[in-house]
2 protein chains.
Amino acid sequence: MKRSPNLTHPRRMLQALGGEAISPPPIWLMRQAGRYLPEYRATRTQAGGFLDLCYRPDLAAEVTLQPIRRYGFDAAILFADILIVPDALGRRVRFLEGEGPQLEPLRTRDDIARLDRKASAAKYAIIAETVQRLRQDLPSETTLIGFCGAPWTVATYMIGGAGSSDQAAARTFAYRDPEGFQQLIDVLVETSADYLAGQVAAGADALQIFDSWAGNLPEDEYRRWIIAPTKALMAALQARGVKCPVIGFPRGNPLHLDEYLAATGVAAIGCDTTVTLATMKSLAAKTTVQGNLDPLLLVAGGGRMDARIDELVGALRERPFVFNLGHGIVPETPPEHVARLVDRVRR
Amino acid sequence: MKRSPNLTHPRRMLQALGGEAISPPPIWLMRQAGRYLPEYRATRTQAGGFLDLCYRPDLAAEVTLQPIRRYGFDAAILFADILIVPDALGRRVRFLEGEGPQLEPLRTRDDIARLDRKASAAKYAIIAETVQRLRQDLPSETTLIGFCGAPWTVATYMIGGAGSSDQAAARTFAYRDPEGFQQLIDVLVETSADYLAGQVAAGADALQIFDSWAGNLPEDEYRRWIIAPTKALMAALQARGVKCPVIGFPRGNPLHLDEYLAATGVAAIGCDTTVTLATMKSLAAKTTVQGNLDPLLLVAGGGRMDARIDELVGALRERPFVFNLGHGIVPETPPEHVARLVDRVRR
């Protein structure tokens with residue numbers, strides 16, 4: 001299916017997001033700037049904490065560019081973190097070495113009422129500066145992707161105070177006080193739209209919304225806290241004049257992808273590792289799909305990785321498809337496996 | 001759909017597992033014997049470690065009976081742990097207070113070759129003694145469910161040395177050395193069949209296979225490490241003359257439930273919280289379904305819990321259905337919410 005493709009545009013990734021089948025498919029990898037790269041680890045030592053790195057436009061731009069230089073990916077993704085938003089809203093966020101992020105947990109409606117949307121502008125402006133630098137420094141054929149966490153996923157960290165495998169704190173809060181939880185979601189929708197619109201104004205030409213913790217919700221909760229807020233965020237972006245393509249990535253539970261797509265109107269669906277090829281092909285008849293190689297297969301490498309790459313590329317050859325992983329690169333990934341992957345997709 | 005129902009049998013749960021639509025549906029809850037109950041916590045103090053409790057037939061039978069006395073559930077599930085199997089095979093398993101289980105991780109094929117199936121019989125006999133006591137002490141109308149972890153899920157703990165949200169260690173092992181991983185699976189299939197057959201010989205009249213960590217696997221890996229080993233375990237049970245109904249519970253990724261059911265031939269499918277009502281209804285046209293109230297909705301209680309109970313019971317009224325949670329009861333659950341749930345299902 002072709003949706004208003006801009007055939008004169010030199011960016012292959014944007015062509016794919018516009019609905020074209022591109023051969024070979026454009027490729028980028030979630031968390032492609034990161035600890036598996038020695039040059040990242042070297043730059044990382046120049047910043048204090050992890051958030052300091054995100055708030056240093058020179059360093060954040062540098063680490064964003066590193067995998068583009070090394071592998072020539074079709075897209076660069078802004079180096080930042082989904083917890084920039086709670087940090088900008090005035091919640092204390094810390095990244096402890098070797099542990100996940102820690103936040104001062106939100107407990108009450110008063111905590112929600114105190115979230116400071118106005119104060120967020122200063123920190124969002126720093127991230128926008130990184131985007132500006134990137135748009136200047138990136139090759140013209142490289143698509144620049146901005147991003148944020150989806151309201152639900154960001155809320156799970158804000159309420160839980162940390163990542164968790166079942167998001168029990170946020171899910172329980174949402175059951176006990178759905179109206180209070182909706183107030184938090186509403187704030188996150190509006191501030192995320194501000195944040196993303198700022199990234200687009202600074203030069204991002206596509207966006208991705210990461211809903212990393214969408215997979216544990218029962219169907220009613222999924223509709224209420226995944227689909228509805230993403231739809232609201234898309235509307236808030238439109239209200240701010242944002243026109244670039246948006247990739248939705250609700251990780252977990254493939255049963256809901258059709259409904260998510262229809263309700264939110266995203267330009268592309270990111271597919272996690274558990275989405276079957278049959279589901280990806282069926283989605284790709286309606287939209288652009290992105291994914292879904294297992295990051296752990298990239299760690300293992302070898303013939304099984306090659307075979308799965310061929311299977312993915314072969315199955316989606318005639319469809320609008322962006323090659324990616326089903327989740328972020330892990331630190332143990334050998335950089336030479338990434339080179340082999342890129343070669344294989346492009347040969 | 002009716003499959004060889006035994007209408008003279010007094011156990012409503014077994015009637016449902018035989019394919020009958022029973023009204024009101026039989027009810028039991030995963031982890032119904034546990035820390036949310038004060039009487040459990042009192043008994044727990046009489047044993048040293050958690051595994052000591054599992055290996056004390058008098059105490060294990062007592063805690064199994066506690067929720068039956070309190071709520072009159074239609075089924076009791078043997079109090080034990082899925083890590084009995086690695087412990088019986090000679091791997092050191094420890095449960096540290098307030099943390100999850102810790103195991104000495106399996107690293108090599110030599111570690112796998114050293115697993116001691118013969119030694120396991122002594123520990124399995126202790127668990128079988130608990131089953132014998134239970135069959136004597138339970139009301140005759142109460143179904144007694146034996147269980148084990150599925151080979152994949154047990155393997156993830158054995159290789160990872162602990163629980164993890166992504167099972168990265170086992171998934172990477174399986175990518176790097178699928179033949180070695182298959183050797184581990186083969187051992188687990190055979191020893192689990194020994195273990196379950198012993199439970200049935202001792203008086204269990206149904207079995208459940210818990211594949212708690214099935215949800216993160218890509219489709220090929222799901223077929224290879226979830227469906228094929230469960231099918232092999234079912235065949236190994238048949239080879240040992242086990243005829244009682246088996247409930248399969250592959251948690252995560254509802255996309256594969258039809259294929260899992262068709263390939264393994266289990267009598268019932270346990271549905272986690274993410275399975276939609278539409279999927280449950282469709283499965284229930286072919287088999288008995290069990291599930292899937294969110295355990296966190298049971299923590300929250302109130303009108304939303306009541307509404308979801310009514311929705312589940314209403315939607316599956318004409319089908320073979322066993323009411324349960326979509327995952328285990330959490331320790332924060334107020335016991336009075338469980339009483340309200342049971343009343344509501346039965347009214």
# chains A, B, ... in the order shown; residues from 1 in each chain; ligands from 1
call {"tool": "select_by_dssp", "arguments": {"residues": "region 257-309 of chain B", "states": "alpha helix (DSSP H)", "output": "PyMOL selection string"}}
result
chain B and resi 257-264+277-284+295-300+302-309
call {"tool": "residues_around", "arguments": {"residues": "region 122-133 of chain B", "least_positions_apart": "3", "cutoff": "10 Å", "atoms": "only C-alpha atoms", "output": "NGL selection string"}}
result
:B and (54-62 or 64 or 77-80 or 84-85 or 87-89 or 118-119 or 136-138 or 144-146 or 191-192 or 194-204)
call {"tool": "interface_residues", "arguments": {"of": "chain A", "to": "chain B", "cutoff": "10 Å", "atoms": "only C-alpha atoms", "output": "MDAnalysis selection string"}}
result
chainID A and resid 164:166 168:169 171:177 215:222 252:256 272:277 279 292:302 304:305 308 326 330
call {"tool": "atom_distance", "arguments": {"atom1": "CA of Ala285 (chain B)", "atom2": "CA of Met234 (chain B)"}}
result
21.8 Å
call {"tool": "closest_residue", "arguments": {"among": "B:Thr156, B:Ser120, B:Thr264, B:Gln238", "to": "Ile209 (chain B)", "atoms": "only C-alpha atoms"}}
result
B:Thr264
call {"tool": "select_by_dssp", "arguments": {"residues": "region 157-297 of chain B", "states": "strand (DSSP E or B)", "output": "ChimeraX atom specification"}}
result
/B:162,206-211,246-250,268-270,288-293
call {"tool": "residues_around", "arguments": {"residues": "Ala42 (chain B)", "least_positions_apart": "5", "cutoff": "12 Å", "atoms": "only C-alpha atoms", "output": "PyMOL selection string"}}
result
chain B and resi 34-37+47+59+62-63+66
call {"tool": "atom_distance", "arguments": {"atom1": "CA of Ile247 (chain A)", "atom2": "CA of Leu65 (chain A)"}}
result
20.9 Å
call {"tool": "residues_around", "arguments": {"residues": "Ile269 (chain A)", "least_positions_apart": "3", "cutoff": "12 Å", "atoms": "only C-alpha atoms", "output": "number ranges by chain"}}
result
A: 16-17, 19, 207-211, 245-251, 254, 256-262, 264-266, 272, 275, 279-292, 320-324, 326
call {"tool": "closest_residue", "arguments": {"among": "B:Ile159, B:Ala339, B:Ala193, B:Ile185", "to": "Gly241 (chain B)", "atoms": "only C-alpha atoms"}}
result
B:Ala193
call {"tool": "residues_around", "arguments": {"residues": "Pro151 (chain B)", "least_positions_apart": "4", "cutoff": "12 Å", "atoms": "only C-alpha atoms", "output": "compact mmCIF listing (two decimals) with all heavy atoms, in the first residue's frame"}}
result
# COMPACT_ATOMS: atom_id res chain seq x y z
N ILE B 82 7.77 -24.90 41.81
CA ILE B 82 8.28 -25.46 40.55
C ILE B 82 9.77 -25.76 40.64
O ILE B 82 10.29 -26.49 39.80
CB ILE B 82 7.98 -24.52 39.35
CG1 ILE B 82 8.70 -23.18 39.48
CG2 ILE B 82 6.49 -24.30 39.17
CD1 ILE B 82 8.67 -22.38 38.19
N LEU B 83 10.46 -25.24 41.64
CA LEU B 83 11.90 -25.50 41.75
C LEU B 83 12.23 -26.75 42.56
O LEU B 83 13.40 -27.06 42.79
CB LEU B 83 12.62 -24.27 42.30
CG LEU B 83 12.49 -23.03 41.40
CD1 LEU B 83 13.26 -21.86 41.98
CD2 LEU B 83 12.94 -23.32 39.97
N VAL B 85 11.87 -29.57 41.29
CA VAL B 85 12.52 -30.44 40.29
C VAL B 85 14.03 -30.18 40.20
O VAL B 85 14.82 -31.12 40.35
CB VAL B 85 11.80 -30.33 38.92
CG1 VAL B 85 12.65 -30.89 37.78
CG2 VAL B 85 10.46 -31.06 38.99
N PRO B 86 14.49 -28.95 39.98
CA PRO B 86 15.96 -28.76 39.99
C PRO B 86 16.59 -29.14 41.33
O PRO B 86 17.69 -29.71 41.35
CB PRO B 86 16.16 -27.28 39.69
CG PRO B 86 14.82 -26.66 39.61
CD PRO B 86 13.80 -27.74 39.55
N ALA B 155 13.88 -24.51 33.15
CA ALA B 155 15.22 -24.31 32.57
C ALA B 155 15.68 -22.85 32.70
O ALA B 155 16.86 -22.59 32.92
CB ALA B 155 15.23 -24.74 31.11
N THR B 156 14.74 -21.90 32.59
CA THR B 156 15.15 -20.49 32.70
C THR B 156 15.72 -20.20 34.08
O THR B 156 16.68 -19.45 34.21
CB THR B 156 13.99 -19.50 32.43
OG1 THR B 156 13.01 -19.60 33.45
CG2 THR B 156 13.38 -19.71 31.06
N TYR B 157 15.15 -20.81 35.11
CA TYR B 157 15.70 -20.62 36.46
C TYR B 157 17.03 -21.36 36.61
O TYR B 157 17.96 -20.87 37.24
CB TYR B 157 14.73 -21.15 37.52
CG TYR B 157 13.54 -20.25 37.76
CD1 TYR B 157 12.32 -20.46 37.14
CD2 TYR B 157 13.63 -19.17 38.65
CE1 TYR B 157 11.22 -19.65 37.37
CE2 TYR B 157 12.54 -18.35 38.89
CZ TYR B 157 11.34 -18.59 38.24
OH TYR B 157 10.27 -17.77 38.48
N MET B 158 17.11 -22.55 36.05
CA MET B 158 18.33 -23.36 36.21
C MET B 158 19.53 -22.69 35.53
O MET B 158 20.64 -22.74 36.03
CB MET B 158 18.12 -24.76 35.65
CG MET B 158 17.13 -25.58 36.47
SD MET B 158 16.79 -27.21 35.77
CE MET B 158 18.24 -28.12 36.32
N ILE B 159 19.29 -22.08 34.38
CA ILE B 159 20.39 -21.44 33.65
C ILE B 159 20.65 -20.03 34.18
O ILE B 159 21.79 -19.63 34.36
CB ILE B 159 20.10 -21.45 32.14
CG1 ILE B 159 20.19 -22.90 31.64
CG2 ILE B 159 21.06 -20.53 31.38
CD1 ILE B 159 19.80 -23.09 30.21
N ALA B 170 18.83 -17.91 29.68
CA ALA B 170 18.36 -19.14 29.04
C ALA B 170 18.14 -18.94 27.55
O ALA B 170 18.46 -19.81 26.73
CB ALA B 170 17.06 -19.62 29.70
N PHE B 181 20.92 -27.25 24.97
CA PHE B 181 19.68 -26.85 25.64
C PHE B 181 18.62 -27.94 25.52
O PHE B 181 17.89 -28.22 26.47
CB PHE B 181 19.17 -25.53 25.05
CG PHE B 181 18.13 -24.87 25.90
CD1 PHE B 181 18.49 -24.14 27.02
CD2 PHE B 181 16.79 -25.00 25.60
CE1 PHE B 181 17.52 -23.56 27.83
CE2 PHE B 181 15.81 -24.42 26.39
CZ PHE B 181 16.19 -23.70 27.51
N GLN B 182 18.58 -28.58 24.36
CA GLN B 182 17.61 -29.67 24.17
C GLN B 182 17.90 -30.82 25.14
O GLN B 182 16.97 -31.46 25.63
CB GLN B 182 17.67 -30.17 22.72
CG GLN B 182 16.64 -31.25 22.38
CD GLN B 182 15.21 -30.72 22.41
OE1 GLN B 182 14.90 -29.73 21.76
NE2 GLN B 182 14.34 -31.34 23.19
N GLN B 183 19.19 -31.07 25.41
CA GLN B 183 19.52 -32.13 26.39
C GLN B 183 18.92 -31.79 27.76
O GLN B 183 18.38 -32.67 28.45
CB GLN B 183 21.04 -32.28 26.51
CG GLN B 183 21.68 -32.89 25.27
CD GLN B 183 23.21 -32.85 25.31
OE1 GLN B 183 23.81 -32.52 26.34
NE2 GLN B 183 23.84 -33.17 24.18
N LEU B 184 19.02 -30.53 28.14
CA LEU B 184 18.43 -30.12 29.41
C LEU B 184 16.91 -30.30 29.39
O LEU B 184 16.31 -30.83 30.34
CB LEU B 184 18.79 -28.66 29.70
CG LEU B 184 18.13 -28.00 30.92
CD1 LEU B 184 18.42 -28.78 32.21
CD2 LEU B 184 18.58 -26.55 31.06
N ILE B 185 16.30 -29.85 28.30
CA ILE B 185 14.84 -30.01 28.17
C ILE B 185 14.44 -31.48 28.26
O ILE B 185 13.47 -31.84 28.93
CB ILE B 185 14.36 -29.37 26.84
CG1 ILE B 185 14.52 -27.85 26.86
CG2 ILE B 185 12.93 -29.79 26.50
CD1 ILE B 185 13.60 -27.12 27.81
N ASP B 186 15.21 -32.34 27.59
CA ASP B 186 14.89 -33.77 27.60
C ASP B 186 14.92 -34.34 29.02
O ASP B 186 14.04 -35.11 29.42
CB ASP B 186 15.87 -34.55 26.72
CG ASP B 186 15.68 -34.24 25.23
OD1 ASP B 186 14.63 -33.66 24.86
OD2 ASP B 186 16.60 -34.56 24.44
N VAL B 187 15.93 -33.95 29.78
CA VAL B 187 16.01 -34.40 31.18
C VAL B 187 14.78 -33.90 31.94
O VAL B 187 14.15 -34.66 32.70
CB VAL B 187 17.30 -33.88 31.85
CG1 VAL B 187 17.27 -34.16 33.36
CG2 VAL B 187 18.53 -34.51 31.21
N LEU B 188 14.44 -32.63 31.72
CA LEU B 188 13.32 -32.05 32.47
C LEU B 188 11.99 -32.70 32.09
O LEU B 188 11.12 -32.90 32.95
CB LEU B 188 13.27 -30.53 32.25
CG LEU B 188 14.41 -29.77 32.95
CD1 LEU B 188 14.43 -28.30 32.51
CD2 LEU B 188 14.28 -29.86 34.47
N VAL B 189 11.82 -33.04 30.83
CA VAL B 189 10.59 -33.72 30.40
C VAL B 189 10.45 -35.05 31.15
O VAL B 189 9.41 -35.35 31.74
CB VAL B 189 10.60 -33.96 28.87
CG1 VAL B 189 9.53 -34.99 28.47
CG2 VAL B 189 10.38 -32.65 28.12
N GLU B 190 11.51 -35.82 31.16
CA GLU B 190 11.42 -37.16 31.76
C GLU B 190 11.24 -37.08 33.28
O GLU B 190 10.41 -37.77 33.86
CB GLU B 190 12.66 -37.99 31.40
CG GLU B 190 12.72 -38.36 29.91
CD GLU B 190 11.50 -39.15 29.45
OE1 GLU B 190 11.03 -40.04 30.19
OE2 GLU B 190 10.99 -38.85 28.34
N THR B 191 12.03 -36.23 33.90
CA THR B 191 11.94 -36.17 35.37
C THR B 191 10.61 -35.55 35.81
O THR B 191 10.03 -35.96 36.82
CB THR B 191 13.16 -35.43 35.98
OG1 THR B 191 13.23 -35.73 37.38
CG2 THR B 191 13.07 -33.92 35.78
N SER B 192 10.11 -34.59 35.03
CA SER B 192 8.82 -33.99 35.38
C SER B 192 7.70 -35.02 35.23
O SER B 192 6.74 -35.04 36.02
CB SER B 192 8.53 -32.78 34.48
OG SER B 192 9.53 -31.80 34.64
N ALA B 193 7.83 -35.88 34.23
CA ALA B 193 6.82 -36.94 34.05
C ALA B 193 6.87 -37.91 35.23
O ALA B 193 5.83 -38.34 35.74
CB ALA B 193 7.04 -37.67 32.73
N ILE B 209 0.46 -27.69 34.37
CA ILE B 209 1.84 -27.43 33.94
C ILE B 209 2.01 -25.92 33.81
O ILE B 209 1.38 -25.29 32.95
CB ILE B 209 2.14 -28.12 32.60
CG1 ILE B 209 1.94 -29.64 32.71
CG2 ILE B 209 3.57 -27.80 32.14
CD1 ILE B 209 2.01 -30.37 31.37
N PHE B 210 2.83 -25.35 34.67
CA PHE B 210 3.01 -23.89 34.71
C PHE B 210 4.17 -23.48 33.81
O PHE B 210 5.33 -23.75 34.12
CB PHE B 210 3.34 -23.43 36.14
CG PHE B 210 2.17 -23.45 37.08
CD1 PHE B 210 1.77 -24.62 37.71
CD2 PHE B 210 1.46 -22.28 37.35
CE1 PHE B 210 0.69 -24.63 38.59
CE2 PHE B 210 0.37 -22.28 38.23
CZ PHE B 210 -0.02 -23.46 38.84
N ASP B 211 3.85 -22.80 32.70
CA ASP B 211 4.93 -22.24 31.87
C ASP B 211 4.90 -20.72 32.04
O ASP B 211 4.52 -19.96 31.14
CB ASP B 211 4.76 -22.66 30.41
CG ASP B 211 6.11 -23.07 29.79
OD1 ASP B 211 7.15 -22.70 30.37
OD2 ASP B 211 6.10 -23.74 28.74
N SER B 212 5.33 -20.29 33.20
CA SER B 212 5.18 -18.90 33.61
C SER B 212 5.98 -17.94 32.75
O SER B 212 5.63 -16.77 32.62
CB SER B 212 5.63 -18.75 35.07
OG SER B 212 5.00 -19.70 35.87
N TRP B 213 7.06 -18.41 32.15
CA TRP B 213 7.94 -17.52 31.39
C TRP B 213 7.92 -17.82 29.90
O TRP B 213 8.94 -17.71 29.21
CB TRP B 213 9.36 -17.59 31.95
CG TRP B 213 9.44 -17.08 33.36
CD1 TRP B 213 9.79 -17.80 34.46
CD2 TRP B 213 9.15 -15.75 33.82
NE1 TRP B 213 9.74 -17.00 35.59
CE2 TRP B 213 9.34 -15.74 35.22
CE3 TRP B 213 8.74 -14.56 33.18
CZ2 TRP B 213 9.14 -14.59 36.01
CZ3 TRP B 213 8.54 -13.44 33.96
CH2 TRP B 213 8.74 -13.46 35.35
N ALA B 214 6.74 -18.19 29.40
CA ALA B 214 6.62 -18.50 27.97
C ALA B 214 6.51 -17.25 27.10
O ALA B 214 6.70 -17.32 25.89
CB ALA B 214 5.39 -19.39 27.74
N ARG B 224 9.64 -24.43 19.62
CA ARG B 224 10.70 -25.38 19.98
C ARG B 224 10.79 -25.61 21.49
O ARG B 224 11.06 -26.74 21.93
CB ARG B 224 12.02 -24.82 19.46
CG ARG B 224 13.17 -25.79 19.54
CD ARG B 224 14.31 -25.28 18.68
NE ARG B 224 15.42 -26.21 18.67
CZ ARG B 224 16.50 -26.05 17.90
NH1 ARG B 224 16.59 -25.00 17.09
NH2 ARG B 224 17.48 -26.92 17.94
N TRP B 225 10.60 -24.56 22.28
CA TRP B 225 10.89 -24.69 23.72
C TRP B 225 9.64 -24.65 24.60
O TRP B 225 9.71 -24.95 25.79
CB TRP B 225 11.86 -23.60 24.17
CG TRP B 225 13.14 -23.57 23.37
CD1 TRP B 225 13.68 -22.48 22.73
CD2 TRP B 225 14.05 -24.66 23.11
NE1 TRP B 225 14.85 -22.82 22.09
CE2 TRP B 225 15.11 -24.16 22.31
CE3 TRP B 225 14.08 -26.01 23.47
CZ2 TRP B 225 16.17 -24.95 21.86
CZ3 TRP B 225 15.13 -26.81 23.04
CH2 TRP B 225 16.16 -26.27 22.26
N ILE B 226 8.50 -24.26 24.04
CA ILE B 226 7.24 -24.30 24.82
C ILE B 226 6.36 -25.45 24.33
O ILE B 226 6.02 -26.35 25.08
CB ILE B 226 6.46 -22.96 24.70
CG1 ILE B 226 7.33 -21.77 25.12
CG2 ILE B 226 5.16 -23.02 25.51
CD1 ILE B 226 7.81 -21.78 26.53
N ILE B 227 6.01 -25.40 23.05
CA ILE B 227 5.04 -26.37 22.54
C ILE B 227 5.64 -27.78 22.48
O ILE B 227 5.06 -28.74 23.01
CB ILE B 227 4.50 -25.91 21.17
CG1 ILE B 227 3.64 -24.65 21.37
CG2 ILE B 227 3.69 -27.03 20.51
CD1 ILE B 227 3.05 -24.07 20.09
N ALA B 228 6.81 -27.92 21.88
CA ALA B 228 7.37 -29.28 21.71
C ALA B 228 7.66 -29.96 23.06
O ALA B 228 7.29 -31.13 23.25
CB ALA B 228 8.62 -29.23 20.83
N PRO B 229 8.29 -29.28 24.03
CA PRO B 229 8.52 -29.96 25.31
C PRO B 229 7.23 -30.31 26.06
O PRO B 229 7.16 -31.33 26.74
CB PRO B 229 9.36 -28.95 26.11
CG PRO B 229 10.03 -28.11 25.07
CD PRO B 229 9.01 -27.99 23.97
N THR B 230 6.21 -29.45 25.94
CA THR B 230 4.95 -29.75 26.62
C THR B 230 4.28 -30.97 25.97
O THR B 230 3.74 -31.85 26.66
CB THR B 230 4.02 -28.53 26.60
OG1 THR B 230 4.71 -27.42 27.19
CG2 THR B 230 2.74 -28.79 27.36
N LYS B 231 4.37 -31.01 24.64
CA LYS B 231 3.86 -32.19 23.93
C LYS B 231 4.62 -33.44 24.36
O LYS B 231 4.02 -34.50 24.61
CB LYS B 231 4.03 -31.94 22.42
CG LYS B 231 3.45 -33.00 21.54
CD LYS B 231 3.66 -32.64 20.06
CE LYS B 231 3.26 -33.81 19.18
NZ LYS B 231 3.52 -33.52 17.75
N ALA B 232 5.93 -33.33 24.49
CA ALA B 232 6.75 -34.47 24.92
C ALA B 232 6.40 -34.88 26.35
O ALA B 232 6.35 -36.08 26.67
CB ALA B 232 8.24 -34.12 24.82
N LEU B 233 6.13 -33.89 27.20
CA LEU B 233 5.76 -34.21 28.57
C LEU B 233 4.40 -34.92 28.62
O LEU B 233 4.22 -35.89 29.38
CB LEU B 233 5.75 -32.92 29.41
CG LEU B 233 5.32 -33.01 30.87
CD1 LEU B 233 6.06 -34.10 31.63
CD2 LEU B 233 5.52 -31.66 31.57
N MET B 234 3.48 -34.46 27.79
CA MET B 234 2.17 -35.14 27.72
C MET B 234 2.35 -36.59 27.27
O MET B 234 1.72 -37.51 27.82
CB MET B 234 1.24 -34.39 26.76
CG MET B 234 0.82 -33.00 27.22
SD MET B 234 -0.20 -32.99 28.73
CE MET B 234 -1.75 -33.65 28.06
N PRO B 250 0.52 -21.71 29.59
CA PRO B 250 1.65 -20.99 29.01
C PRO B 250 1.37 -19.51 29.12
O PRO B 250 0.61 -18.94 28.33
CB PRO B 250 1.65 -21.47 27.56
CG PRO B 250 0.21 -21.77 27.25
CD PRO B 250 -0.47 -22.10 28.56
